[in-house]
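The file work.pdb comes next; it holds PDB, C-alpha atoms.
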MODEL        1
ATOM      1  CA  MET A 109     -19.962  -5.177 -15.817
ATOM      2  CA  ARG A 110     -16.222  -5.346 -15.260
ATOM      3  CA  ARG A 111     -14.851  -3.560 -12.219
ATOM      4  CA  ARG A 112     -11.607  -1.649 -12.402
ATOM      5  CA  VAL A 113      -9.038  -3.117 -10.047
ATOM      6  CA  ARG A 114      -8.218  -0.814  -7.165
ATOM      7  CA  LEU A 115      -5.499  -2.289  -5.013
ATOM      8  CA  TYR A 116      -3.856  -0.728  -1.992
ATOM      9  CA  LEU A 117      -0.666  -1.753  -0.248
ATOM     10  CA  ALA A 118      -0.548  -1.683   3.526
ATOM     11  CA  GLY A 119       2.606  -2.213   5.512
ATOM     12  CA  ALA A 120       5.265  -0.705   7.695
ATOM     13  CA  ALA A 121       8.049   1.518   6.411
ATOM     14  CA  GLY A 122      10.704  -0.561   4.684
ATOM     15  CA  SER A 123       8.416  -3.548   4.108
ATOM     16  CA  GLY A 124       8.675  -3.234   0.313
ATOM     17  CA  LYS A 125       5.391  -1.500  -0.582
ATOM     18  CA  THR A 126       7.028   0.804  -3.104
ATOM     19  CA  THR A 127       8.971  -2.056  -4.715
ATOM     20  CA  VAL A 128       5.753  -4.071  -5.068
ATOM     21  CA  ALA A 129       3.930  -0.997  -6.448
ATOM     22  CA  GLU A 130       6.692  -0.427  -9.002
ATOM     23  CA  MET A 131       6.510  -4.097 -10.071
ATOM     24  CA  LEU A 132       2.737  -3.747 -10.529
ATOM     25  CA  VAL A 133       3.290  -0.638 -12.664
ATOM     26  CA  HIS A 134       6.071  -2.139 -14.760
ATOM     27  CA  ASP A 135       4.839  -5.732 -15.146
ATOM     28  CA  TYR A 136       1.033  -5.373 -15.062
ATOM     29  CA  GLY A 137       0.241  -1.861 -16.281
ATOM     30  CA  PHE A 138      -1.088  -0.506 -12.992
ATOM     31  CA  ALA A 139      -1.024   3.227 -12.379
ATOM     32  CA  ARG A 140       0.447   4.171  -8.995
ATOM     33  CA  VAL A 141      -0.942   6.670  -6.514
ATOM     34  CA  SER A 142       1.247   7.139  -3.462
ATOM     35  CA  LEU A 143       0.166   8.548  -0.108
ATOM     36  CA  GLY A 144       3.818   9.510   0.404
ATOM     37  CA  GLY A 145       3.753  11.158  -3.037
ATOM     38  CA  ILE A 146       0.774  13.264  -1.993
ATOM     39  CA  CYS A 147       2.737  14.397   1.080
ATOM     40  CA  ARG A 148       5.821  15.031  -1.084
ATOM     41  CA  GLU A 149       3.822  17.163  -3.546
ATOM     42  CA  GLU A 150       2.392  19.237  -0.706
ATOM     43  CA  ALA A 151       5.819  19.705   0.909
ATOM     44  CA  HIS A 152       7.209  20.794  -2.459
ATOM     45  CA  ARG A 153       4.292  23.199  -2.964
ATOM     46  CA  ARG A 154       5.039  24.749   0.439
ATOM     47  CA  GLY A 155       8.780  24.941  -0.238
ATOM     48  CA  LEU A 156       9.629  22.466   2.529
ATOM     49  CA  PRO A 157      12.383  19.833   2.449
ATOM     50  CA  GLU A 158      11.327  16.314   1.475
ATOM     51  CA  ASP A 159      13.078  14.446   4.288
ATOM     52  CA  ARG A 160      11.361  11.694   6.271
ATOM     53  CA  ALA A 161      10.514  13.856   9.320
ATOM     54  CA  THR A 162       8.985  16.624   7.169
ATOM     55  CA  LEU A 163       6.960  14.143   5.113
ATOM     56  CA  GLN A 164       5.651  12.449   8.262
ATOM     57  CA  ALA A 165       4.645  15.830   9.667
ATOM     58  CA  MET A 166       3.014  16.694   6.329
ATOM     59  CA  GLY A 167       1.014  13.453   6.446
ATOM     60  CA  ASP A 168      -0.176  14.326   9.950
ATOM     61  CA  ALA A 169      -1.113  17.845   8.807
ATOM     62  CA  LEU A 170      -2.957  16.629   5.693
ATOM     63  CA  ARG A 171      -4.911  14.093   7.724
ATOM     64  CA  GLY A 172      -5.878  16.702  10.291
ATOM     65  CA  PRO A 173      -8.763  15.470  12.420
ATOM     66  CA  GLU A 174      -9.841  13.006   9.694
ATOM     67  CA  PRO A 175      -7.536   9.947   9.863
ATOM     68  CA  ALA A 176      -8.618   8.660   6.428
ATOM     69  CA  ARG A 177      -8.040  11.992   4.635
ATOM     70  CA  LEU A 178      -4.936  10.816   2.734
ATOM     71  CA  ALA A 179      -6.843   7.752   1.522
ATOM     72  CA  VAL A 180      -9.633  10.047   0.293
ATOM     73  CA  LEU A 181      -7.118  12.182  -1.616
ATOM     74  CA  ALA A 182      -5.488   9.077  -3.111
ATOM     75  CA  TRP A 183      -8.879   7.636  -4.083
ATOM     76  CA  GLU A 184      -9.773  10.877  -5.865
ATOM     77  CA  GLN A 185      -6.582  10.587  -7.904
ATOM     78  CA  ALA A 186      -7.175   6.865  -8.556
ATOM     79  CA  ARG A 187     -10.697   7.556  -9.866
ATOM     80  CA  GLN A 188      -9.184   9.621 -12.687
ATOM     81  CA  VAL A 189      -7.323   6.580 -14.032
ATOM     82  CA  PRO A 190      -9.222   4.308 -16.449
ATOM     83  CA  GLY A 191      -7.216   1.135 -15.750
ATOM     84  CA  PRO A 192      -5.986  -0.716 -12.678
ATOM     85  CA  VAL A 193      -4.534   1.387  -9.874
ATOM     86  CA  VAL A 194      -2.341   0.578  -6.904
ATOM     87  CA  ILE A 195      -2.472   2.943  -3.931
ATOM     88  CA  ASP A 196       0.856   2.749  -2.148
ATOM     89  CA  GLY A 197       1.607   3.619   1.459
ATOM     90  CA  VAL A 198      -1.482   2.859   3.552
ATOM     91  CA  ARG A 199      -0.464   2.749   7.202
ATOM     92  CA  LEU A 200      -3.556   3.660   9.228
ATOM     93  CA  ARG A 201      -6.507   1.403  10.029
ATOM     94  CA  ALA A 202      -8.892   4.268   9.186
ATOM     95  CA  GLU A 203      -7.323   4.548   5.708
ATOM     96  CA  ALA A 204      -7.617   0.797   5.168
ATOM     97  CA  ARG A 205     -11.246   0.706   6.354
ATOM     98  CA  TRP A 206     -12.153   3.652   4.105
ATOM     99  CA  LEU A 207     -10.592   1.976   1.052
ATOM    100  CA  ASP A 208     -12.125  -1.406   1.958
ATOM    101  CA  ALA A 209     -15.569   0.219   2.049
ATOM    102  CA  ARG A 210     -15.058   1.312  -1.561
ATOM    103  CA  GLY A 211     -14.168  -2.172  -2.745
ATOM    104  CA  ALA A 212     -10.400  -1.794  -2.889
ATOM    105  CA  VAL A 213      -8.488  -5.005  -2.261
ATOM    106  CA  ALA A 214      -5.247  -5.106  -0.320
ATOM    107  CA  PRO A 215      -2.326  -7.219   0.587
ATOM    108  CA  THR A 216      -0.294  -6.421   3.646
ATOM    109  CA  VAL A 217       3.333  -6.208   2.558
ATOM    110  CA  LEU A 218       5.657  -7.816   5.079
ATOM    111  CA  ALA A 219       9.370  -8.174   5.657
ATOM    112  CA  PRO A 220      11.234  -9.219   8.810
ATOM    113  CA  PRO A 221      12.089  -6.342  11.173
ATOM    114  CA  HIS A 222      15.846  -6.616  10.600
ATOM    115  CA  MET A 223      15.337  -6.387   6.826
ATOM    116  CA  ARG A 224      12.991  -3.383   7.151
ATOM    117  CA  HIS A 225      15.474  -1.627   9.441
ATOM    118  CA  THR A 226      18.329  -2.247   6.991
ATOM    119  CA  ARG A 227      16.256  -0.957   4.060
ATOM    120  CA  LEU A 228      15.251   2.178   5.966
ATOM    121  CA  ALA A 229      18.788   2.859   7.157
ATOM    122  CA  LEU A 230      20.017   2.596   3.549
ATOM    123  CA  ARG A 231      17.200   4.808   2.301
ATOM    124  CA  GLU A 232      17.766   7.411   5.018
ATOM    125  CA  GLY A 233      21.545   7.244   4.815
ATOM    126  CA  THR A 234      21.753   6.838   8.579
ATOM    127  CA  GLY A 235      22.216   3.973  10.981
ATOM    128  CA  THR A 236      19.114   4.810  12.993
ATOM    129  CA  VAL A 237      15.463   5.093  12.130
ATOM    130  CA  ARG A 238      12.920   6.580  14.496
ATOM    131  CA  PRO A 239       9.452   5.043  14.187
ATOM    132  CA  HIS A 240       6.495   7.302  13.502
ATOM    133  CA  ALA A 241       3.041   6.846  15.074
ATOM    134  CA  THR A 242       1.786   5.266  11.841
ATOM    135  CA  GLU A 243       4.310   2.453  12.302
ATOM    136  CA  ARG A 244       2.522   1.334  15.451
ATOM    137  CA  GLU A 245      -0.887   1.466  13.799
ATOM    138  CA  VAL A 246      -0.086  -0.565  10.670
ATOM    139  CA  ASP A 247      -0.012  -3.826  12.641
ATOM    140  CA  GLY A 248      -3.759  -3.470  13.246
ATOM    141  CA  ILE A 249      -4.660  -3.468   9.547
ATOM    142  CA  GLN A 250      -6.364  -6.711   8.573
ATOM    143  CA  THR A 251      -6.214  -7.652   4.895
ATOM    144  CA  PRO A 252      -7.223 -10.825   3.060
ATOM    145  CA  LEU A 253      -3.792 -11.164   1.434
ATOM    146  CA  THR A 254      -0.220 -10.947   2.663
ATOM    147  CA  LEU A 255       2.881 -10.636   0.508
ATOM    148  CA  ASN A 256       6.326 -11.367   1.948
ATOM    149  CA  THR A 257       9.046  -9.310   0.252
ATOM    150  CA  SER A 258      11.971 -11.067   1.920
ATOM    151  CA  GLN A 259      12.022 -13.823  -0.700
ATOM    152  CA  ALA A 260      14.142 -14.048  -3.846
ATOM    153  CA  GLU A 261      13.150 -11.713  -6.692
ATOM    154  CA  GLU A 262      11.865 -14.473  -9.006
ATOM    155  CA  GLN A 263       9.812 -15.973  -6.178
ATOM    156  CA  LEU A 264       8.412 -12.527  -5.337
ATOM    157  CA  ALA A 265       7.520 -12.012  -9.023
ATOM    158  CA  HIS A 266       5.707 -15.376  -9.043
ATOM    159  CA  HIS A 267       3.739 -14.507  -5.919
ATOM    160  CA  LEU A 268       2.953 -11.076  -7.322
ATOM    161  CA  ARG A 269       1.478 -12.748 -10.429
ATOM    162  CA  LEU A 270      -0.746 -14.845  -8.148
ATOM    163  CA  LEU A 271      -1.631 -11.736  -6.149
ATOM    164  CA  VAL A 272      -2.779  -9.890  -9.281
ATOM    165  CA  THR A 273      -4.942 -12.877 -10.257
ATOM    166  CA  ARG A 274      -6.473 -13.151  -6.806
ATOM    167  CA  THR A 275      -6.986  -9.368  -6.553
ATOM    168  CA  THR A 276      -8.800  -9.351  -9.885
ATOM    169  CA  LEU A 277     -11.074 -12.147  -8.653
ATOM    170  CA  LEU A 278     -11.775 -10.369  -5.355
ATOM    171  CA  SER A 279     -12.545  -7.134  -7.227
ATOM    172  CA  ALA A 280     -14.911  -8.964  -9.581
ATOM    173  CA  THR A 281     -16.712 -10.520  -6.609
ATOM    174  CA  ALA A 282     -17.146  -7.079  -5.023
ATOM    175  CA  CYS A 283     -18.495  -5.757  -8.334
ATOM    176  CA  HIS A 284     -21.405  -8.196  -8.254
ATOM    177  CA  GLY A 285     -22.509  -6.975  -4.833
ATOM    178  CA  THR A 286     -21.364 -10.098  -3.036
ATOM    179  CA  ARG A 287     -18.633 -10.456  -0.510
ATOM    180  CA  ALA A 288     -15.601 -12.495  -1.355
ATOM    181  CA  PRO A 289     -15.804 -15.971   0.139
ATOM    182  CA  ALA A 290     -13.980 -16.323   3.407
ATOM    183  CA  ALA A 291     -10.535 -17.647   2.747
ATOM    184  CA  PRO A 292      -7.486 -18.135   4.875
ATOM    185  CA  PRO A 293      -4.906 -15.397   4.499
ATOM    186  CA  TRP A 294      -2.454 -15.946   1.683
ATOM    187  CA  PHE A 295       1.128 -15.414   2.713
ATOM    188  CA  GLY A 296       2.814 -15.536  -0.666
ATOM    189  CA  THR A 297       4.305 -18.893   0.178
ATOM    190  CA  HIS A 298       1.803 -21.210  -1.476
ATOM    191  CA  ARG A 299      -0.736 -21.084  -4.246
ATOM    192  CA  PRO A 300      -3.956 -19.385  -3.012
TER     193      PRO A 300
ENDMDL
END
Have the structure of the file written as structure tokens, please.
Amino acid sequence: MRRRVRLYLAGAAGSGKTTVAEMLVHDYGFARVSLGGICREEAHRRGLPEDRATLQAMGDALRGPEPARLAVLAWEQARQVPGPVVIDGVRLRAEARWLDARGAVAPTVLAPPHMRHTRLALREGTGTVRPHATEREVDGIQTPLTLNTSQAEEQLAHHLRLLVTRTTLLSATACHGTRAPAAPPWFGTHRP
């Protein structure tokens, strides 16, 4: 029995999660479900602006007392897709644990702080970015894979190809009821 690949991307704001998700969609045929997109849809439904502060508040409201609630909503959307799916925007340990328990595989997407700050400032159109509570929590997420987005585009594409291969193998291992063999974290800088 072949398991459908369910991949989630964990990482701080500005780390490159959305860029990686878009590469997976474009280059590998993944469908994308975004936790931020879920917040954006709800803000739109309520007639609220879609700025960063509103979307962060919407995420807090949607989670309510259940920290993994956004992951549950994303998983429900992902289950409707017959092929591989990438869930973009996981920032809470509870979300990561909930997805891990369902066999999703994740890389943590990393970029140096100065690069993340520059990306966020460009995205926000301001020189300052105020961190949200989820930014402090993302550092506690432990994943078997790490992808560094500060490298050149062709190098990132190469490491993404390796990531897709490794993710498929980890998903297949989970499908057979066994745990993936312990392996050192892969940092996108050498062949896993």
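Interatomic distance, CA of Leu163 in chain A against CA of Ala209 in chain A: 26.7 Å.
Of the residues under consideration (A:Met131, A:Ala151, A:Ala120, A:Leu264), A:Met131 shows the shortest atom-to-atom contact distance to Val194 in chain A when counting all atoms listed in the file.
Here CA of Tyr136 in chain A and CA of Glu262 in chain A stand 15.4 Å from one another.
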Point to revise | Selection result for the PyMOL selection byres ((chain A and resi 126) around 12) on this file, as an MDAnalysis selection string | key: chainID A and resid 116:125 127:133 140:145 194:198 217:218 227 257
Practice item. Could you expand the PyMOL selection byres ((chain A and resi 272) around 12) into the explicit residues it covers here, written as a PyMOL selection string? Key: chain A and resi 113-116+128-129+131-133+135-138+192-194+213-215+253+255+265-271+273-279+296+300
Serialized selection, C-alpha atoms, as an mmCIF file, in the frame of the given file:
data_model
loop_
_atom_site.group_PDB
_atom_site.id
_atom_site.type_symbol
_atom_site.label_atom_id
_atom_site.label_comp_id
_atom_site.auth_asym_id
_atom_site.auth_seq_id
_atom_site.Cartn_x
_atom_site.Cartn_y
_atom_site.Cartn_z
ATOM 1 C CA VAL A 113 -9.038 -3.117 -10.047
ATOM 2 C CA ARG A 114 -8.218 -0.814 -7.165
ATOM 3 C CA LEU A 115 -5.499 -2.289 -5.013
ATOM 4 C CA TYR A 116 -3.856 -0.728 -1.992
ATOM 5 C CA VAL A 128 5.753 -4.071 -5.068
ATOM 6 C CA ALA A 129 3.930 -0.997 -6.448
ATOM 7 C CA MET A 131 6.510 -4.097 -10.071
ATOM 8 C CA LEU A 132 2.737 -3.747 -10.529
ATOM 9 C CA VAL A 133 3.290 -0.638 -12.664
ATOM 10 C CA ASP A 135 4.839 -5.732 -15.146
ATOM 11 C CA TYR A 136 1.033 -5.373 -15.062
ATOM 12 C CA GLY A 137 0.241 -1.861 -16.281
ATOM 13 C CA PHE A 138 -1.088 -0.506 -12.992
ATOM 14 C CA PRO A 192 -5.986 -0.716 -12.678
ATOM 15 C CA VAL A 193 -4.534 1.387 -9.874
ATOM 16 C CA VAL A 194 -2.341 0.578 -6.904
ATOM 17 C CA VAL A 213 -8.488 -5.005 -2.261
ATOM 18 C CA ALA A 214 -5.247 -5.106 -0.320
ATOM 19 C CA PRO A 215 -2.326 -7.219 0.587
ATOM 20 C CA LEU A 253 -3.792 -11.164 1.434
ATOM 21 C CA LEU A 255 2.881 -10.636 0.508
ATOM 22 C CA ALA A 265 7.520 -12.012 -9.023
ATOM 23 C CA HIS A 266 5.707 -15.376 -9.043
ATOM 24 C CA HIS A 267 3.739 -14.507 -5.919
ATOM 25 C CA LEU A 268 2.953 -11.076 -7.322
ATOM 26 C CA ARG A 269 1.478 -12.748 -10.429
ATOM 27 C CA LEU A 270 -0.746 -14.845 -8.148
ATOM 28 C CA LEU A 271 -1.631 -11.736 -6.149
ATOM 29 C CA THR A 273 -4.942 -12.877 -10.257
ATOM 30 C CA ARG A 274 -6.473 -13.151 -6.806
ATOM 31 C CA THR A 275 -6.986 -9.368 -6.553
ATOM 32 C CA THR A 276 -8.800 -9.351 -9.885
ATOM 33 C CA LEU A 277 -11.074 -12.147 -8.653
ATOM 34 C CA LEU A 278 -11.775 -10.369 -5.355
ATOM 35 C CA SER A 279 -12.545 -7.134 -7.227
ATOM 36 C CA GLY A 296 2.814 -15.536 -0.666
ATOM 37 C CA PRO A 300 -3.956 -19.385 -3.012
#
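Among the candidates A:Ala212, A:Leu228, A:Ala165, A:Ile249, the residue lying nearest to Arg199 in chain A is A:Ile249 (atoms considered: all atoms listed in the file).
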**Study point:** Residues matched by the PyMOL selection byres ((chain A and resi 159) around 12) as a ChimeraX atom specification
**Key:** /A:144,147-148,151-152,156-158,160-166,231-233
How would the residues just chosen look if you wrote them out with C-alpha atoms as an mmCIF file, in the frame of the given file?
data_model
loop_
_atom_site.group_PDB
_atom_site.id
_atom_site.type_symbol
_atom_site.label_atom_id
_atom_site.label_comp_id
_atom_site.auth_asym_id
_atom_site.auth_seq_id
_atom_site.Cartn_x
_atom_site.Cartn_y
_atom_site.Cartn_z
ATOM 1 C CA GLY A 144 3.818 9.510 0.404
ATOM 2 C CA CYS A 147 2.737 14.397 1.080
ATOM 3 C CA ARG A 148 5.821 15.031 -1.084
ATOM 4 C CA ALA A 151 5.819 19.705 0.909
ATOM 5 C CA HIS A 152 7.209 20.794 -2.459
ATOM 6 C CA LEU A 156 9.629 22.466 2.529
ATOM 7 C CA PRO A 157 12.383 19.833 2.449
ATOM 8 C CA GLU A 158 11.327 16.314 1.475
ATOM 9 C CA ARG A 160 11.361 11.694 6.271
ATOM 10 C CA ALA A 161 10.514 13.856 9.320
ATOM 11 C CA THR A 162 8.985 16.624 7.169
ATOM 12 C CA LEU A 163 6.960 14.143 5.113
ATOM 13 C CA GLN A 164 5.651 12.449 8.262
ATOM 14 C CA ALA A 165 4.645 15.830 9.667
ATOM 15 C CA MET A 166 3.014 16.694 6.329
ATOM 16 C CA ARG A 231 17.200 4.808 2.301
ATOM 17 C CA GLU A 232 17.766 7.411 5.018
ATOM 18 C CA GLY A 233 21.545 7.244 4.815
#
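Between CA of Thr216 in chain A and CA of Trp183 in chain A there is a distance of 18.2 Å.
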Padded axis-aligned box of range 110-128 of chain A (3 Å per side), centre and edge lengths, Å, one decimal, as JSON:
{"center_x": -2.8, "center_y": -1.9, "center_z": -3.8, "size_x": 32.9, "size_y": 12.9, "size_z": 29.0}
For range 111-142 of chain A, where the input has fewer atoms than it should, I would like N, CA and C atoms rebuilt and written as a short mmCIF file (atom, residue, chain, number, x, y, z; two decimals), keeping the file's coordinate frame.
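What landed in rebuild.cif:
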data_model
loop_
_atom_site.label_atom_id
_atom_site.label_comp_id
_atom_site.auth_asym_id
_atom_site.auth_seq_id
_atom_site.Cartn_x
_atom_site.Cartn_y
_atom_site.Cartn_z
N ARG A 111 -15.29 -4.55 -13.20
CA ARG A 111 -14.85 -3.56 -12.22
C ARG A 111 -13.37 -3.27 -12.43
N ARG A 112 -13.02 -2.00 -12.34
CA ARG A 112 -11.61 -1.65 -12.40
C ARG A 112 -10.92 -2.07 -11.11
N VAL A 113 -9.76 -2.65 -11.22
CA VAL A 113 -9.04 -3.12 -10.05
C VAL A 113 -8.45 -1.92 -9.31
N ARG A 114 -8.79 -1.81 -8.06
CA ARG A 114 -8.22 -0.81 -7.16
C ARG A 114 -7.57 -1.60 -6.03
N LEU A 115 -6.27 -1.52 -5.97
CA LEU A 115 -5.50 -2.29 -5.01
C LEU A 115 -4.76 -1.30 -4.13
N TYR A 116 -4.70 -1.57 -2.83
CA TYR A 116 -3.86 -0.73 -1.99
C TYR A 116 -2.87 -1.61 -1.24
N LEU A 117 -1.72 -1.03 -0.94
CA LEU A 117 -0.67 -1.75 -0.25
C LEU A 117 -0.52 -1.20 1.16
N ALA A 118 -0.71 -2.06 2.13
CA ALA A 118 -0.55 -1.68 3.53
C ALA A 118 0.74 -2.32 4.04
N GLY A 119 1.40 -1.64 4.93
CA GLY A 119 2.61 -2.21 5.51
C GLY A 119 3.48 -1.15 6.15
N ALA A 120 4.36 -1.60 6.98
CA ALA A 120 5.26 -0.70 7.70
C ALA A 120 6.32 -0.14 6.75
N ALA A 121 6.96 0.92 7.18
CA ALA A 121 8.05 1.52 6.41
C ALA A 121 9.14 0.47 6.21
N GLY A 122 9.64 0.38 5.00
CA GLY A 122 10.70 -0.56 4.68
C GLY A 122 10.24 -1.97 4.38
N SER A 123 8.92 -2.19 4.36
CA SER A 123 8.42 -3.55 4.11
C SER A 123 8.48 -3.93 2.64
N GLY A 124 8.59 -2.94 1.74
CA GLY A 124 8.68 -3.23 0.31
C GLY A 124 7.46 -2.80 -0.47
N LYS A 125 6.60 -1.95 0.11
CA LYS A 125 5.39 -1.50 -0.58
C LYS A 125 5.71 -0.82 -1.91
N THR A 126 6.69 0.06 -1.89
CA THR A 126 7.03 0.80 -3.10
C THR A 126 7.60 -0.13 -4.17
N THR A 127 8.42 -1.08 -3.77
CA THR A 127 8.97 -2.06 -4.72
C THR A 127 7.85 -2.85 -5.36
N VAL A 128 6.89 -3.32 -4.54
CA VAL A 128 5.75 -4.07 -5.07
C VAL A 128 4.93 -3.18 -6.00
N ALA A 129 4.69 -1.93 -5.59
CA ALA A 129 3.93 -1.00 -6.45
C ALA A 129 4.64 -0.80 -7.78
N GLU A 130 5.94 -0.62 -7.75
CA GLU A 130 6.69 -0.43 -9.00
C GLU A 130 6.64 -1.67 -9.89
N MET A 131 6.65 -2.86 -9.29
CA MET A 131 6.51 -4.10 -10.07
C MET A 131 5.13 -4.16 -10.72
N LEU A 132 4.10 -3.76 -9.97
CA LEU A 132 2.74 -3.75 -10.53
C LEU A 132 2.64 -2.77 -11.70
N VAL A 133 3.29 -1.63 -11.58
CA VAL A 133 3.29 -0.64 -12.66
C VAL A 133 4.03 -1.20 -13.88
N HIS A 134 5.22 -1.69 -13.66
CA HIS A 134 6.07 -2.14 -14.76
C HIS A 134 5.56 -3.42 -15.42
N ASP A 135 5.18 -4.41 -14.61
CA ASP A 135 4.84 -5.73 -15.15
C ASP A 135 3.37 -5.92 -15.50
N TYR A 136 2.47 -5.13 -14.88
CA TYR A 136 1.03 -5.37 -15.06
C TYR A 136 0.25 -4.15 -15.51
N GLY A 137 0.92 -3.04 -15.75
CA GLY A 137 0.24 -1.86 -16.28
C GLY A 137 -0.61 -1.09 -15.29
N PHE A 138 -0.37 -1.29 -14.00
CA PHE A 138 -1.09 -0.51 -12.99
C PHE A 138 -0.59 0.93 -13.02
N ALA A 139 -1.45 1.86 -12.68
CA ALA A 139 -1.02 3.23 -12.38
C ALA A 139 -0.78 3.26 -10.87
N ARG A 140 0.12 4.11 -10.42
CA ARG A 140 0.45 4.17 -8.99
C ARG A 140 0.06 5.52 -8.42
N VAL A 141 -0.65 5.48 -7.31
CA VAL A 141 -0.94 6.67 -6.51
C VAL A 141 -0.31 6.42 -5.15
N SER A 142 0.50 7.33 -4.70
CA SER A 142 1.25 7.14 -3.46
C SER A 142 0.81 8.14 -2.41
#
